[in-house]
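Encoded as structure tokens, the structure appears first; notes follow it.
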Amino acid sequence: MDGAVPGLEPRSAKEGAALSGISKKVNYFHAYTSNVSQVRLGRIPLRWCDACNLPILDLRRCGRCGEGTRQMEITPPGDARPAMDYDVGLAREIIDRQFGSGCGEAVLKEGHFVLMNKAPGLDRMDEVIVDGNVAGTLRYDLGRGWVFLARMPAARAMQRTAVRGTIMADDGALRPILDGSNLLAPGVAGCSDGIMPGDEVIIVDKQGRAFAAGSSRMSSAEMAARGKGMAVKVRWHEPPRDDAVMRGRAGWPEVLEANRPEMERKVDEAVRFMQRVMREHDLPAAVSFSGGKDSLATFLLSKRTGGKLPLFYIDTGLEFPETVRHVREVAERHGTELIMEEAPSEAFSEGLKVFGPPGRDYRWCCKTNKLGPTVRAISKHFPRGV
């Protein structure tokens, strides 16, 4: 042990040695488990109304038109969120850069509701959902930056617009690709300039209809030579067809109207749960608040219980000043008491020297920077418990 960690001080040299040994084992466990896939259980509560062309929260029938809805097939755990203007703008910019001007708007049409679903990736990866389909994946790679991996809905949407990242396949290559093969160099009938190995590409037939998408394994010059080898590693394929029928537009008002029955049911369920817990425990109650969207939703729900619950905020010492300011502003705006406790300023830096960087499966900083201040705040403000 290089020194005591504020909030995690060993009571003896023996305990200090034990903590150090545990820390090494946990580091090893984290290194091992970081490469093991997580098992996700449970269904994904996201559906789509094709009649209204908008997402539905777990309703078999749309709350707006009454038509049946279909289950969305997205990557677990399926925690999709509405895409903000920034998200849509970024996706369009990346698509335009890869496939040509106008392709971004062809995929993400103006007035069409877009969702982003976080998917597992080395850094950041989001599935882009529009018109009831996963159009593609927006991925950030360290050293390379943002890349859009087109799936067939995106490939078809921009098949008449793309001027870059496009490869035309020979008629003889169509059937093997649809049967699961990759595109080989002899099957390339033509391609746009500037393609490099590793680029994301779409494959079209001689009529310009997209039928596959994947990652290039050759440059444009190598494909033009019509030599041997794999030209494209195909990820997605579907039989070619003409441009898809335009779907209807939908914005926030339509989405809220369609989802109102399920949203109101969930709100009522949450409020009843809070009221029951407060009835069953003869203790004061508070809302644990981080300044984020989830705890803000919890606080707004708590206001419907009939009580006036204080906000309980722990400044871990690693927060942005804007977050702390936002927490204070929320409490002031709602006329709510704010209970705040701060972690020792040196807690994280000293812990870092002893335990190394915290990780997903090695969250020592939760004890030093969150649990310790939480215990102090509860002891100070709620001596009988909360």
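We name chains A, B, ... following the order of the structure tokens; residues begin at 1 in each chain, and ligands are numbered from 1 as shown.
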Neighbouring residues of Arg151 (chain A) were defined as those with any atom within 9 Å, considering only C-alpha atoms; residues of the same chain fewer than 5 positions away were excluded. Please report them as a JSON list (two decimals) with C-alpha atoms, in the first residue's frame.
[["chain", "number", "residue", "atom", "x", "y", "z"],
["A", 134, "VAL", "CA", -32.09, -0.69, -38.38],
["A", 135, "ALA", "CA", -30.68, 1.33, -41.29],
["A", 136, "GLY", "CA", -27.11, 0.85, -40.18],
["A", 137, "THR", "CA", -24.63, 1.29, -37.35],
["A", 156, "ARG", "CA", -31.39, 0.78, -50.74],
["A", 202, "ILE", "CA", -22.52, -1.14, -50.85],
["A", 212, "ALA", "CA", -25.42, -6.29, -50.40],
["A", 213, "ALA", "CA", -23.24, -4.27, -48.03],
["A", 214, "GLY", "CA", -19.98, -4.94, -46.26],
["A", 235, "ARG", "CA", -22.24, -8.62, -43.96],
["A", 236, "TRP", "CA", -25.77, -8.04, -45.23],
["A", 237, "HIS", "CA", -27.62, -9.08, -48.36]]
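Excluding Asp123 (chain A) itself and any same-chain residue fewer than 2 positions from it, the protein and nucleic acid residues within 12 Å of it, counting only C-alpha atoms, are Lys118, Ala119, Pro120, Gly121, Met125, Asp126, Leu138, Arg139, Tyr140, Asp141, Leu142, Gly143, Arg144, Gly145 and Trp146 of chain A.
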Nearby residues (only C-alpha atoms) at most 12 Å from region 84-101 of chain A, same-chain spacing under 4 positions excluded, as a PyMOL selection string: chain A and resi 105-117+125-130+135-140+145-150+154-155+157-167+192-196+199-202+251-252
Strand (DSSP E) positions in region 68-302 of chain A, given as an NGL selection string: :A and (70-71 or 80-82 or 114-118 or 124-130 or 133-141 or 145-150 or 166-169 or 183-184 or 188-191 or 200-204 or 210-216 or 230-237 or 287-288)
Point-to-point distance in Å for CA of Ala343 (chain A) and CA of Gly372 (chain A):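 If I compute the distance from CA of Gly372 (chain A) to CA of Ala343 (chain A), I get 7.5 Å.
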DSSP-assigned alpha helix (DSSP H) among region 117-221 of chain A, expressed as a ChimeraX atom specification: /A:152-157,171-178,220-221
A:Val188, A:Leu283, A:Leu318, A:Leu57 ranked by distance to Pro383 (chain A), top pick (using only C-alpha atoms):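 Nearest to Pro383 (chain A): A:Leu283.
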Best match for closeness to Arg376 (chain A) among A:Ala83, A:Gly356, A:Ala285, A:Glu342, counting only C-alpha atoms: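 Going through A:Ala83, A:Gly356, A:Ala285, A:Glu342 one by one, the smallest distance to Arg376 (chain A) is for A:Glu342.
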Residue neighbourhood Ala189 (chain A), 8 Å, only C-alpha atoms, exclusion window fewer than 5 positions, as a VMD selection string: chain A and resid 167 to 170
Please produce a file of the residues just selected, as an mmCIF file, in the first residue's frame, where the atoms kept are N, CA, C and O atoms.
data_model
loop_
_atom_site.group_PDB
_atom_site.id
_atom_site.type_symbol
_atom_site.label_atom_id
_atom_site.label_comp_id
_atom_site.auth_asym_id
_atom_site.auth_seq_id
_atom_site.Cartn_x
_atom_site.Cartn_y
_atom_site.Cartn_z
ATOM 1 N N ILE A 167 -19.834 -0.501 -55.357
ATOM 2 C CA ILE A 167 -19.229 -1.514 -56.234
ATOM 3 C C ILE A 167 -20.334 -2.189 -57.023
ATOM 4 O O ILE A 167 -21.339 -2.620 -56.458
ATOM 5 N N MET A 168 -20.146 -2.279 -58.351
ATOM 6 C CA MET A 168 -21.121 -2.954 -59.204
ATOM 7 C C MET A 168 -20.659 -4.397 -59.417
ATOM 8 O O MET A 168 -19.510 -4.650 -59.789
ATOM 9 N N ALA A 169 -21.565 -5.327 -59.141
ATOM 10 C CA ALA A 169 -21.243 -6.747 -59.289
ATOM 11 C C ALA A 169 -21.691 -7.259 -60.648
ATOM 12 O O ALA A 169 -22.696 -6.798 -61.211
ATOM 13 N N ASP A 170 -20.964 -8.223 -61.147
ATOM 14 C CA ASP A 170 -21.350 -8.901 -62.381
ATOM 15 C C ASP A 170 -22.598 -9.744 -62.127
ATOM 16 O O ASP A 170 -22.841 -10.197 -61.006
#
Who sits within 7 Å of region 71-77 of chain A, only C-alpha atoms, same chain under 5 positions skipped, as a list in words: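 Skipping anything fewer than 5 positions along the chain leaves Arg40, Ile44, Leu46, Arg47, Trp48 and Ala119 of chain A.
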Writing out the chosen residues with N, CA and C atoms as a PDB file, in the first residue's frame:
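Result file out38.pdb:
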ATOM      1  N   ARG A  40     -27.460 -11.443 -21.819  1.00  0.00           N
ATOM      2  CA  ARG A  40     -28.592 -10.550 -21.627  1.00  0.00           C
ATOM      3  C   ARG A  40     -29.869 -11.368 -21.633  1.00  0.00           C
ATOM      4  N   ILE A  44     -37.152  -7.413 -25.388  1.00  0.00           N
ATOM      5  CA  ILE A  44     -36.921  -6.006 -25.696  1.00  0.00           C
ATOM      6  C   ILE A  44     -38.277  -5.326 -25.900  1.00  0.00           C
ATOM      7  N   LEU A  46     -39.604  -2.869 -27.359  1.00  0.00           N
ATOM      8  CA  LEU A  46     -39.715  -1.855 -28.416  1.00  0.00           C
ATOM      9  C   LEU A  46     -40.409  -2.473 -29.620  1.00  0.00           C
ATOM     10  N   ARG A  47     -41.493  -1.827 -30.043  1.00  0.00           N
ATOM     11  CA  ARG A  47     -42.249  -2.286 -31.196  1.00  0.00           C
ATOM     12  C   ARG A  47     -42.381  -1.131 -32.181  1.00  0.00           C
ATOM     13  N   TRP A  48     -42.994  -1.397 -33.336  1.00  0.00           N
ATOM     14  CA  TRP A  48     -43.126  -0.353 -34.356  1.00  0.00           C
ATOM     15  C   TRP A  48     -44.513  -0.417 -34.984  1.00  0.00           C
ATOM     16  N   ALA A 119     -25.116  -0.295 -28.907  1.00  0.00           N
ATOM     17  CA  ALA A 119     -24.706  -1.682 -29.132  1.00  0.00           C
ATOM     18  C   ALA A 119     -23.295  -1.880 -28.587  1.00  0.00           C
TER      19      ALA A 119
END
Selection near Arg325 (chain A), 12 Å with only C-alpha atoms, sequence-local residues under 5 positions removed, as a ChimeraX atom specification: /A:290-291,313,315,319-320,330-332
How would the residues just picked look written out with all heavy atoms as a PDB file, in the first residue's frame?
ATOM      1  N   SER A 290     -28.730  12.401  -9.509  1.00  0.00           N
ATOM      2  CA  SER A 290     -27.403  12.519 -10.122  1.00  0.00           C
ATOM      3  C   SER A 290     -27.305  13.705 -11.065  1.00  0.00           C
ATOM      4  O   SER A 290     -26.207  14.085 -11.481  1.00  0.00           O
ATOM      5  CB  SER A 290     -27.081  11.244 -10.911  1.00  0.00           C
ATOM      6  OG  SER A 290     -27.924  11.161 -12.054  1.00  0.00           O
ATOM      7  N   GLY A 291     -28.446  14.270 -11.428  1.00  0.00           N
ATOM      8  CA  GLY A 291     -28.459  15.319 -12.435  1.00  0.00           C
ATOM      9  C   GLY A 291     -28.729  14.785 -13.821  1.00  0.00           C
ATOM     10  O   GLY A 291     -28.840  15.547 -14.784  1.00  0.00           O
ATOM     11  N   TYR A 313     -27.953  14.378  -3.279  1.00  0.00           N
ATOM     12  CA  TYR A 313     -26.914  14.413  -4.318  1.00  0.00           C
ATOM     13  C   TYR A 313     -25.536  14.252  -3.702  1.00  0.00           C
ATOM     14  O   TYR A 313     -25.186  14.927  -2.727  1.00  0.00           O
ATOM     15  CB  TYR A 313     -26.972  15.736  -5.078  1.00  0.00           C
ATOM     16  CG  TYR A 313     -25.879  15.895  -6.111  1.00  0.00           C
ATOM     17  CD1 TYR A 313     -25.881  15.125  -7.276  1.00  0.00           C
ATOM     18  CD2 TYR A 313     -24.839  16.808  -5.929  1.00  0.00           C
ATOM     19  CE1 TYR A 313     -24.886  15.258  -8.228  1.00  0.00           C
ATOM     20  CE2 TYR A 313     -23.835  16.945  -6.879  1.00  0.00           C
ATOM     21  CZ  TYR A 313     -23.858  16.167  -8.018  1.00  0.00           C
ATOM     22  OH  TYR A 313     -22.868  16.297  -8.957  1.00  0.00           O
ATOM     23  N   ASP A 315     -21.614  14.661  -4.561  1.00  0.00           N
ATOM     24  CA  ASP A 315     -20.579  15.189  -5.455  1.00  0.00           C
ATOM     25  C   ASP A 315     -19.341  14.317  -5.275  1.00  0.00           C
ATOM     26  O   ASP A 315     -18.647  14.403  -4.264  1.00  0.00           O
ATOM     27  CB  ASP A 315     -20.285  16.646  -5.109  1.00  0.00           C
ATOM     28  CG  ASP A 315     -19.253  17.273  -6.044  1.00  0.00           C
ATOM     29  OD1 ASP A 315     -18.674  16.539  -6.868  1.00  0.00           O
ATOM     30  OD2 ASP A 315     -19.026  18.491  -5.948  1.00  0.00           O
ATOM     31  N   GLU A 319     -17.160  15.309 -10.846  1.00  0.00           N
ATOM     32  CA  GLU A 319     -18.291  15.809 -11.634  1.00  0.00           C
ATOM     33  C   GLU A 319     -17.888  17.044 -12.445  1.00  0.00           C
ATOM     34  O   GLU A 319     -17.007  17.808 -12.049  1.00  0.00           O
ATOM     35  CB  GLU A 319     -19.458  16.190 -10.708  1.00  0.00           C
ATOM     36  CG  GLU A 319     -19.845  15.125  -9.699  1.00  0.00           C
ATOM     37  CD  GLU A 319     -20.394  13.882 -10.359  1.00  0.00           C
ATOM     38  OE1 GLU A 319     -20.979  13.996 -11.450  1.00  0.00           O
ATOM     39  OE2 GLU A 319     -20.235  12.788  -9.781  1.00  0.00           O
ATOM     40  N   PHE A 320     -18.562  17.250 -13.567  1.00  0.00           N
ATOM     41  CA  PHE A 320     -18.403  18.503 -14.298  1.00  0.00           C
ATOM     42  C   PHE A 320     -19.038  19.630 -13.474  1.00  0.00           C
ATOM     43  O   PHE A 320     -20.089  19.436 -12.856  1.00  0.00           O
ATOM     44  CB  PHE A 320     -19.085  18.433 -15.661  1.00  0.00           C
ATOM     45  CG  PHE A 320     -18.390  17.545 -16.643  1.00  0.00           C
ATOM     46  CD1 PHE A 320     -18.990  16.378 -17.081  1.00  0.00           C
ATOM     47  CD2 PHE A 320     -17.139  17.873 -17.140  1.00  0.00           C
ATOM     48  CE1 PHE A 320     -18.358  15.547 -17.995  1.00  0.00           C
ATOM     49  CE2 PHE A 320     -16.496  17.052 -18.053  1.00  0.00           C
ATOM     50  CZ  PHE A 320     -17.104  15.888 -18.472  1.00  0.00           C
ATOM     51  N   VAL A 330     -32.049  22.723 -10.493  1.00  0.00           N
ATOM     52  CA  VAL A 330     -33.265  21.899 -10.445  1.00  0.00           C
ATOM     53  C   VAL A 330     -33.935  22.033  -9.082  1.00  0.00           C
ATOM     54  O   VAL A 330     -35.159  22.215  -8.983  1.00  0.00           O
ATOM     55  CB  VAL A 330     -32.941  20.417 -10.752  1.00  0.00           C
ATOM     56  CG1 VAL A 330     -34.144  19.529 -10.442  1.00  0.00           C
ATOM     57  CG2 VAL A 330     -32.541  20.246 -12.212  1.00  0.00           C
ATOM     58  N   ALA A 331     -33.133  21.940  -8.022  1.00  0.00           N
ATOM     59  CA  ALA A 331     -33.690  22.059  -6.667  1.00  0.00           C
ATOM     60  C   ALA A 331     -34.336  23.434  -6.472  1.00  0.00           C
ATOM     61  O   ALA A 331     -35.437  23.546  -5.921  1.00  0.00           O
ATOM     62  CB  ALA A 331     -32.594  21.829  -5.633  1.00  0.00           C
ATOM     63  N   GLU A 332     -33.660  24.472  -6.965  1.00  0.00           N
ATOM     64  CA  GLU A 332     -34.193  25.829  -6.808  1.00  0.00           C
ATOM     65  C   GLU A 332     -35.470  26.016  -7.638  1.00  0.00           C
ATOM     66  O   GLU A 332     -36.448  26.605  -7.170  1.00  0.00           O
ATOM     67  CB  GLU A 332     -33.128  26.839  -7.233  1.00  0.00           C
ATOM     68  CG  GLU A 332     -33.547  28.289  -7.038  1.00  0.00           C
ATOM     69  CD  GLU A 332     -32.449  29.263  -7.447  1.00  0.00           C
ATOM     70  OE1 GLU A 332     -31.309  28.813  -7.709  1.00  0.00           O
ATOM     71  OE2 GLU A 332     -32.737  30.466  -7.518  1.00  0.00           O
TER      72      GLU A 332
END
